[in-house]
$ cat coords.pdb   # PDB, C-alpha atoms and all ligand atoms
ATOM      1  CA  MET X 215      51.736 136.128 -26.223
ATOM      2  CA  GLN X 216      50.931 132.436 -26.632
ATOM      3  CA  LYS X 217      53.775 131.467 -24.291
ATOM      4  CA  ARG X 218      52.393 133.852 -21.648
ATOM      5  CA  HIS X 219      48.992 132.216 -22.000
ATOM      6  CA  GLN X 220      50.516 128.725 -21.663
ATOM      7  CA  ILE X 221      52.315 129.726 -18.478
ATOM      8  CA  TYR X 222      49.262 131.522 -17.107
ATOM      9  CA  GLU X 223      47.145 128.392 -17.656
ATOM     10  CA  MET X 224      49.504 126.408 -15.397
ATOM     11  CA  LEU X 225      49.127 128.946 -12.560
ATOM     12  CA  PRO X 226      46.415 128.782  -9.886
ATOM     13  CA  LYS X 227      45.160 132.281 -10.815
ATOM     14  CA  ILE X 228      44.662 133.414  -7.244
ATOM     15  CA  ASP X 229      46.874 136.511  -7.495
ATOM     16  CA  CYS X 230      48.370 135.961  -4.045
ATOM     17  CA  GLY X 231      51.516 137.993  -4.741
ATOM     18  CA  ALA X 232      53.867 135.529  -3.016
ATOM     19  CA  CYS X 233      56.103 135.459  -6.103
ATOM     20  CA  GLY X 234      56.551 139.221  -5.975
ATOM     21  CA  ALA X 235      54.317 139.907  -8.972
ATOM     22  CA  PRO X 236      50.966 141.550  -8.281
ATOM     23  CA  THR X 237      48.995 139.038 -10.332
ATOM     24  CA  CYS X 238      49.444 135.637 -11.907
ATOM     25  CA  MET X 239      49.208 137.269 -15.352
ATOM     26  CA  THR X 240      52.045 139.690 -14.622
ATOM     27  CA  PHE X 241      54.065 136.782 -13.233
ATOM     28  CA  ALA X 242      53.510 134.885 -16.508
ATOM     29  CA  GLU X 243      54.722 137.977 -18.396
ATOM     30  CA  ASP X 244      57.806 138.145 -16.148
ATOM     31  CA  VAL X 245      58.593 134.494 -16.899
ATOM     32  CA  VAL X 246      58.277 135.075 -20.663
ATOM     33  CA  ARG X 247      60.579 138.124 -20.443
ATOM     34  CA  GLY X 248      63.086 136.101 -18.423
ATOM     35  CA  ASP X 249      62.650 138.267 -15.328
ATOM     36  CA  ALA X 250      61.318 135.344 -13.268
ATOM     37  CA  GLU X 251      61.486 131.561 -13.200
ATOM     38  CA  ALA X 252      58.290 129.501 -13.195
ATOM     39  CA  ASP X 253      59.342 127.758  -9.972
ATOM     40  CA  GLU X 254      59.127 131.091  -8.149
ATOM     41  CA  CYS X 255      55.378 130.473  -7.906
ATOM     42  CA  VAL X 256      55.118 128.444  -4.716
ATOM     43  CA  PHE X 257      51.893 126.803  -5.841
ATOM     44  CA  LEU X 258      53.401 125.692  -9.137
ATOM     45  CA  THR X 259      56.401 124.303  -7.264
ATOM     46  CA  MET X 260      54.132 122.448  -4.835
ATOM     47  CA  LYS X 261      52.271 120.941  -7.794
ATOM     48  CA  SER X 262      55.585 119.774  -9.268
ATOM     49  CA  PHE X 263      56.636 118.225  -5.950
ATOM     50  CA  GLU X 264      53.271 116.515  -5.672
ATOM     51  CA  ALA X 265      53.639 114.979  -9.143
ATOM     52  CA  LEU X 266      57.228 113.970  -8.402
ATOM     53  CA  SER X 267      56.258 112.419  -5.052
ATOM     54  CA  LYS X 268      53.461 110.465  -6.694
ATOM     55  CA  SER X 269      55.822 109.206  -9.374
ATOM     56  CA  LEU X 270      58.427 108.180  -6.789
ATOM     57  CA  LEU X 271      55.830 106.404  -4.658
ATOM     58  CA  GLU X 272      54.599 104.478  -7.703
ATOM     59  CA  ALA X 273      58.190 103.470  -8.568
ATOM     60  CA  VAL X 274      58.821 102.299  -4.991
ATOM     61  CA  ALA X 275      55.554 100.340  -4.937
ATOM     62  CA  LYS X 276      56.423  98.698  -8.254
ATOM     63  CA  GLN X 277      59.892  97.696  -7.041
ATOM     64  CA  SER X 278      58.410  96.480  -3.786
ATOM     65  CA  ARG X 279      55.987  94.214  -5.678
ATOM     66  CA  LYS X 280      58.895  92.865  -7.751
ATOM     67  CA  VAL X 281      60.952  92.096  -4.650
ATOM     68  CA  ARG X 282      57.964  90.502  -2.941
ATOM     69  CA  GLY X 283      57.240  88.422  -6.054
ATOM     70  CA  SER X 284      60.860  87.381  -6.185
ATOM     71  CA  LEU X 285      60.871  86.328  -2.542
ATOM     72  CA  GLU X 286      57.660  84.361  -3.049
ATOM     73  CA  GLY X 287      59.005  82.650  -6.160
ATOM     74  CA  HIS X 288      57.168  84.749  -8.729
ATOM     75  CA  PRO X 289      59.961  86.962 -10.159
ATOM     76  CA  HIS X 290      57.825  88.254 -13.031
ATOM     77  CA  ASP X 291      55.042  89.669 -10.851
ATOM     78  CA  ALA X 292      54.995  93.432 -11.069
TER      79      ALA X 292
HETATM   80  S1  LIG V 301      52.834 133.073  -6.382
HETATM   81 FE1  LIG V 301      51.768 131.977  -8.017
HETATM   82  S2  LIG V 301      49.611 132.142  -7.442
HETATM   83 FE2  LIG V 301      50.687 133.741  -6.312
HETATM   84  S3  LIG V 301      50.582 135.574  -7.657
HETATM   85 FE3  LIG V 301      52.505 134.533  -8.077
HETATM   86  S4  LIG V 301      52.010 133.257  -9.842
HETATM   87 FE4  LIG V 301      50.054 133.793  -8.901
END
$ encode --input "coords.pdb" --output "structure tokens"
Amino acid sequence: MQKRHQIYEMLPKIDCGACGAPTCMTFAEDVVRGDAEADECVFLTMKSFEALSKSLLEAVAKQSRKVRGSLEGHPHDA
């Protein structure tokens, strides 16, 4: 019950049906029962990609600053 609630809270709650479940709540129940995977919700997957993209961009920016600092003679700038 609590697990279903945790999953439901991550969902956009728009009941679009794209995952094959009629509502976000039934989708959360399916995930808890093992009948569906959380990444079958396209919106949840997009949110994950967004977070991953942001994290990758931050890592690239950090490395870029390090390289730039190194080239300019400030290797510890980050
Ligand atoms: S795809 Fe996501 S938003 Fe749409 S009904 Fe399924 S769980 Fe809800």
$ residues_near_ligand --input "coords.pdb" --ligand "ligand LIG 301 (chain V)" --cutoff "7 Å" --atoms "only C-alpha atoms and all ligand atoms" --output "short mmCIF file (atom, residue, chain, number, x, y, z; two decimals) with C-alpha atoms, keeping the file's coordinate frame"
data_model
loop_
_atom_site.label_atom_id
_atom_site.label_comp_id
_atom_site.auth_asym_id
_atom_site.auth_seq_id
_atom_site.Cartn_x
_atom_site.Cartn_y
_atom_site.Cartn_z
CA LEU X 225 49.13 128.95 -12.56
CA PRO X 226 46.42 128.78 -9.89
CA LYS X 227 45.16 132.28 -10.82
CA ILE X 228 44.66 133.41 -7.24
CA ASP X 229 46.87 136.51 -7.50
CA CYS X 230 48.37 135.96 -4.04
CA GLY X 231 51.52 137.99 -4.74
CA ALA X 232 53.87 135.53 -3.02
CA CYS X 233 56.10 135.46 -6.10
CA GLY X 234 56.55 139.22 -5.98
CA ALA X 235 54.32 139.91 -8.97
CA PRO X 236 50.97 141.55 -8.28
CA THR X 237 49.00 139.04 -10.33
CA CYS X 238 49.44 135.64 -11.91
CA PHE X 241 54.06 136.78 -13.23
CA GLU X 254 59.13 131.09 -8.15
CA CYS X 255 55.38 130.47 -7.91
CA VAL X 256 55.12 128.44 -4.72
CA PHE X 257 51.89 126.80 -5.84
CA LEU X 258 53.40 125.69 -9.14
#
$ residues_around --input "coords.pdb" --residues "Met239 (chain X)" --least-positions-apart "3" --cutoff "7 Å" --atoms "all atoms listed in the file" --output "JSON, numbers by chain"
{"X": [222, 242, 243]}
$ atom_distance --input "coords.pdb" --atom1 "CA of Met224 (chain X)" --atom2 "CA of Ala273 (chain X)"
25.5 Å
$ atom_distance --input "coords.pdb" --atom1 "CA of Ala252 (chain X)" --atom2 "CA of His219 (chain X)"
13.1 Å
$ atom_distance --input "coords.pdb" --atom1 "CA of Lys217 (chain X)" --atom2 "CA of Arg247 (chain X)"
10.3 Å
$ build_atoms --input "coords.pdb" --residues "region 278-289 of chain X" --atoms "all heavy atoms" --output "PDB file, in the frame of the given file"
ATOM      1  N   SER X 278      58.778  97.268  -4.949  1.00  0.00           N
ATOM      2  CA  SER X 278      58.410  96.480  -3.786  1.00  0.00           C
ATOM      3  C   SER X 278      57.646  95.220  -4.210  1.00  0.00           C
ATOM      4  O   SER X 278      57.886  94.132  -3.694  1.00  0.00           O
ATOM      5  CB  SER X 278      57.554  97.350  -2.852  1.00  0.00           C
ATOM      6  OG  SER X 278      57.140  96.603  -1.757  1.00  0.00           O
ATOM      7  N   ARG X 279      56.744  95.380  -5.175  1.00  0.00           N
ATOM      8  CA  ARG X 279      55.987  94.214  -5.678  1.00  0.00           C
ATOM      9  C   ARG X 279      56.928  93.222  -6.345  1.00  0.00           C
ATOM     10  O   ARG X 279      56.786  92.012  -6.189  1.00  0.00           O
ATOM     11  CB  ARG X 279      54.901  94.666  -6.665  1.00  0.00           C
ATOM     12  CG  ARG X 279      53.681  95.278  -5.990  1.00  0.00           C
ATOM     13  CD  ARG X 279      52.519  95.405  -6.958  1.00  0.00           C
ATOM     14  NE  ARG X 279      52.818  96.246  -8.102  1.00  0.00           N
ATOM     15  CZ  ARG X 279      52.662  97.563  -8.143  1.00  0.00           C
ATOM     16  NH1 ARG X 279      52.203  98.207  -7.093  1.00  0.00           N
ATOM     17  NH2 ARG X 279      52.953  98.245  -9.237  1.00  0.00           N
ATOM     18  N   LYS X 280      57.921  93.743  -7.090  1.00  0.00           N
ATOM     19  CA  LYS X 280      58.895  92.865  -7.751  1.00  0.00           C
ATOM     20  C   LYS X 280      59.683  92.074  -6.722  1.00  0.00           C
ATOM     21  O   LYS X 280      59.872  90.871  -6.850  1.00  0.00           O
ATOM     22  CB  LYS X 280      59.866  93.684  -8.605  1.00  0.00           C
ATOM     23  CG  LYS X 280      59.338  94.049  -9.952  1.00  0.00           C
ATOM     24  CD  LYS X 280      60.436  94.721 -10.765  1.00  0.00           C
ATOM     25  CE  LYS X 280      59.939  95.136 -12.118  1.00  0.00           C
ATOM     26  NZ  LYS X 280      60.961  95.865 -12.877  1.00  0.00           N
ATOM     27  N   VAL X 281      60.163  92.759  -5.695  1.00  0.00           N
ATOM     28  CA  VAL X 281      60.952  92.096  -4.650  1.00  0.00           C
ATOM     29  C   VAL X 281      60.095  91.054  -3.949  1.00  0.00           C
ATOM     30  O   VAL X 281      60.511  89.912  -3.732  1.00  0.00           O
ATOM     31  CB  VAL X 281      61.515  93.126  -3.644  1.00  0.00           C
ATOM     32  CG1 VAL X 281      62.098  92.433  -2.423  1.00  0.00           C
ATOM     33  CG2 VAL X 281      62.572  93.995  -4.315  1.00  0.00           C
ATOM     34  N   ARG X 282      58.865  91.428  -3.619  1.00  0.00           N
ATOM     35  CA  ARG X 282      57.964  90.502  -2.941  1.00  0.00           C
ATOM     36  C   ARG X 282      57.711  89.281  -3.823  1.00  0.00           C
ATOM     37  O   ARG X 282      57.757  88.147  -3.366  1.00  0.00           O
ATOM     38  CB  ARG X 282      56.645  91.190  -2.596  1.00  0.00           C
ATOM     39  CG  ARG X 282      55.853  90.413  -1.563  1.00  0.00           C
ATOM     40  CD  ARG X 282      54.588  91.116  -1.095  1.00  0.00           C
ATOM     41  NE  ARG X 282      54.780  92.528  -0.877  1.00  0.00           N
ATOM     42  CZ  ARG X 282      54.041  93.483  -1.447  1.00  0.00           C
ATOM     43  NH1 ARG X 282      53.063  93.191  -2.259  1.00  0.00           N
ATOM     44  NH2 ARG X 282      54.266  94.741  -1.188  1.00  0.00           N
ATOM     45  N   GLY X 283      57.469  89.521  -5.123  1.00  0.00           N
ATOM     46  CA  GLY X 283      57.240  88.422  -6.054  1.00  0.00           C
ATOM     47  C   GLY X 283      58.452  87.518  -6.141  1.00  0.00           C
ATOM     48  O   GLY X 283      58.338  86.296  -6.197  1.00  0.00           O
ATOM     49  N   SER X 284      59.610  88.135  -6.132  1.00  0.00           N
ATOM     50  CA  SER X 284      60.860  87.381  -6.185  1.00  0.00           C
ATOM     51  C   SER X 284      61.015  86.504  -4.946  1.00  0.00           C
ATOM     52  O   SER X 284      61.384  85.331  -5.037  1.00  0.00           O
ATOM     53  CB  SER X 284      62.002  88.382  -6.237  1.00  0.00           C
ATOM     54  OG  SER X 284      62.979  87.966  -7.091  1.00  0.00           O
ATOM     55  N   LEU X 285      60.744  87.066  -3.798  1.00  0.00           N
ATOM     56  CA  LEU X 285      60.871  86.328  -2.542  1.00  0.00           C
ATOM     57  C   LEU X 285      59.858  85.196  -2.451  1.00  0.00           C
ATOM     58  O   LEU X 285      60.107  84.169  -1.828  1.00  0.00           O
ATOM     59  CB  LEU X 285      60.705  87.279  -1.350  1.00  0.00           C
ATOM     60  CG  LEU X 285      61.830  88.297  -1.156  1.00  0.00           C
ATOM     61  CD1 LEU X 285      61.476  89.286  -0.052  1.00  0.00           C
ATOM     62  CD2 LEU X 285      63.138  87.590  -0.838  1.00  0.00           C
ATOM     63  N   GLU X 286      58.709  85.382  -3.097  1.00  0.00           N
ATOM     64  CA  GLU X 286      57.660  84.361  -3.049  1.00  0.00           C
ATOM     65  C   GLU X 286      57.760  83.389  -4.228  1.00  0.00           C
ATOM     66  O   GLU X 286      56.888  82.563  -4.416  1.00  0.00           O
ATOM     67  CB  GLU X 286      56.287  85.039  -3.033  1.00  0.00           C
ATOM     68  CG  GLU X 286      56.058  85.834  -1.746  1.00  0.00           C
ATOM     69  CD  GLU X 286      54.794  86.673  -1.802  1.00  0.00           C
ATOM     70  OE1 GLU X 286      54.136  86.727  -2.872  1.00  0.00           O
ATOM     71  OE2 GLU X 286      54.470  87.292  -0.778  1.00  0.00           O
ATOM     72  N   GLY X 287      58.809  83.560  -5.054  1.00  0.00           N
ATOM     73  CA  GLY X 287      59.005  82.650  -6.160  1.00  0.00           C
ATOM     74  C   GLY X 287      58.267  83.027  -7.438  1.00  0.00           C
ATOM     75  O   GLY X 287      58.088  82.211  -8.316  1.00  0.00           O
ATOM     76  N   HIS X 288      57.832  84.271  -7.514  1.00  0.00           N
ATOM     77  CA  HIS X 288      57.168  84.749  -8.729  1.00  0.00           C
ATOM     78  C   HIS X 288      57.914  85.986  -9.233  1.00  0.00           C
ATOM     79  O   HIS X 288      57.408  87.089  -9.146  1.00  0.00           O
ATOM     80  CB  HIS X 288      55.706  85.123  -8.459  1.00  0.00           C
ATOM     81  CG  HIS X 288      54.931  84.030  -7.797  1.00  0.00           C
ATOM     82  ND1 HIS X 288      54.539  82.908  -8.483  1.00  0.00           N
ATOM     83  CD2 HIS X 288      54.520  83.866  -6.529  1.00  0.00           C
ATOM     84  CE1 HIS X 288      53.880  82.101  -7.652  1.00  0.00           C
ATOM     85  NE2 HIS X 288      53.872  82.661  -6.448  1.00  0.00           N
ATOM     86  N   PRO X 289      59.121  85.814  -9.783  1.00  0.00           N
ATOM     87  CA  PRO X 289      59.961  86.962 -10.159  1.00  0.00           C
ATOM     88  C   PRO X 289      59.360  87.866 -11.235  1.00  0.00           C
ATOM     89  O   PRO X 289      59.791  88.982 -11.364  1.00  0.00           O
ATOM     90  CB  PRO X 289      61.266  86.288 -10.661  1.00  0.00           C
ATOM     91  CG  PRO X 289      60.872  84.911 -11.027  1.00  0.00           C
ATOM     92  CD  PRO X 289      59.736  84.537 -10.115  1.00  0.00           C
TER      93      PRO X 289
END
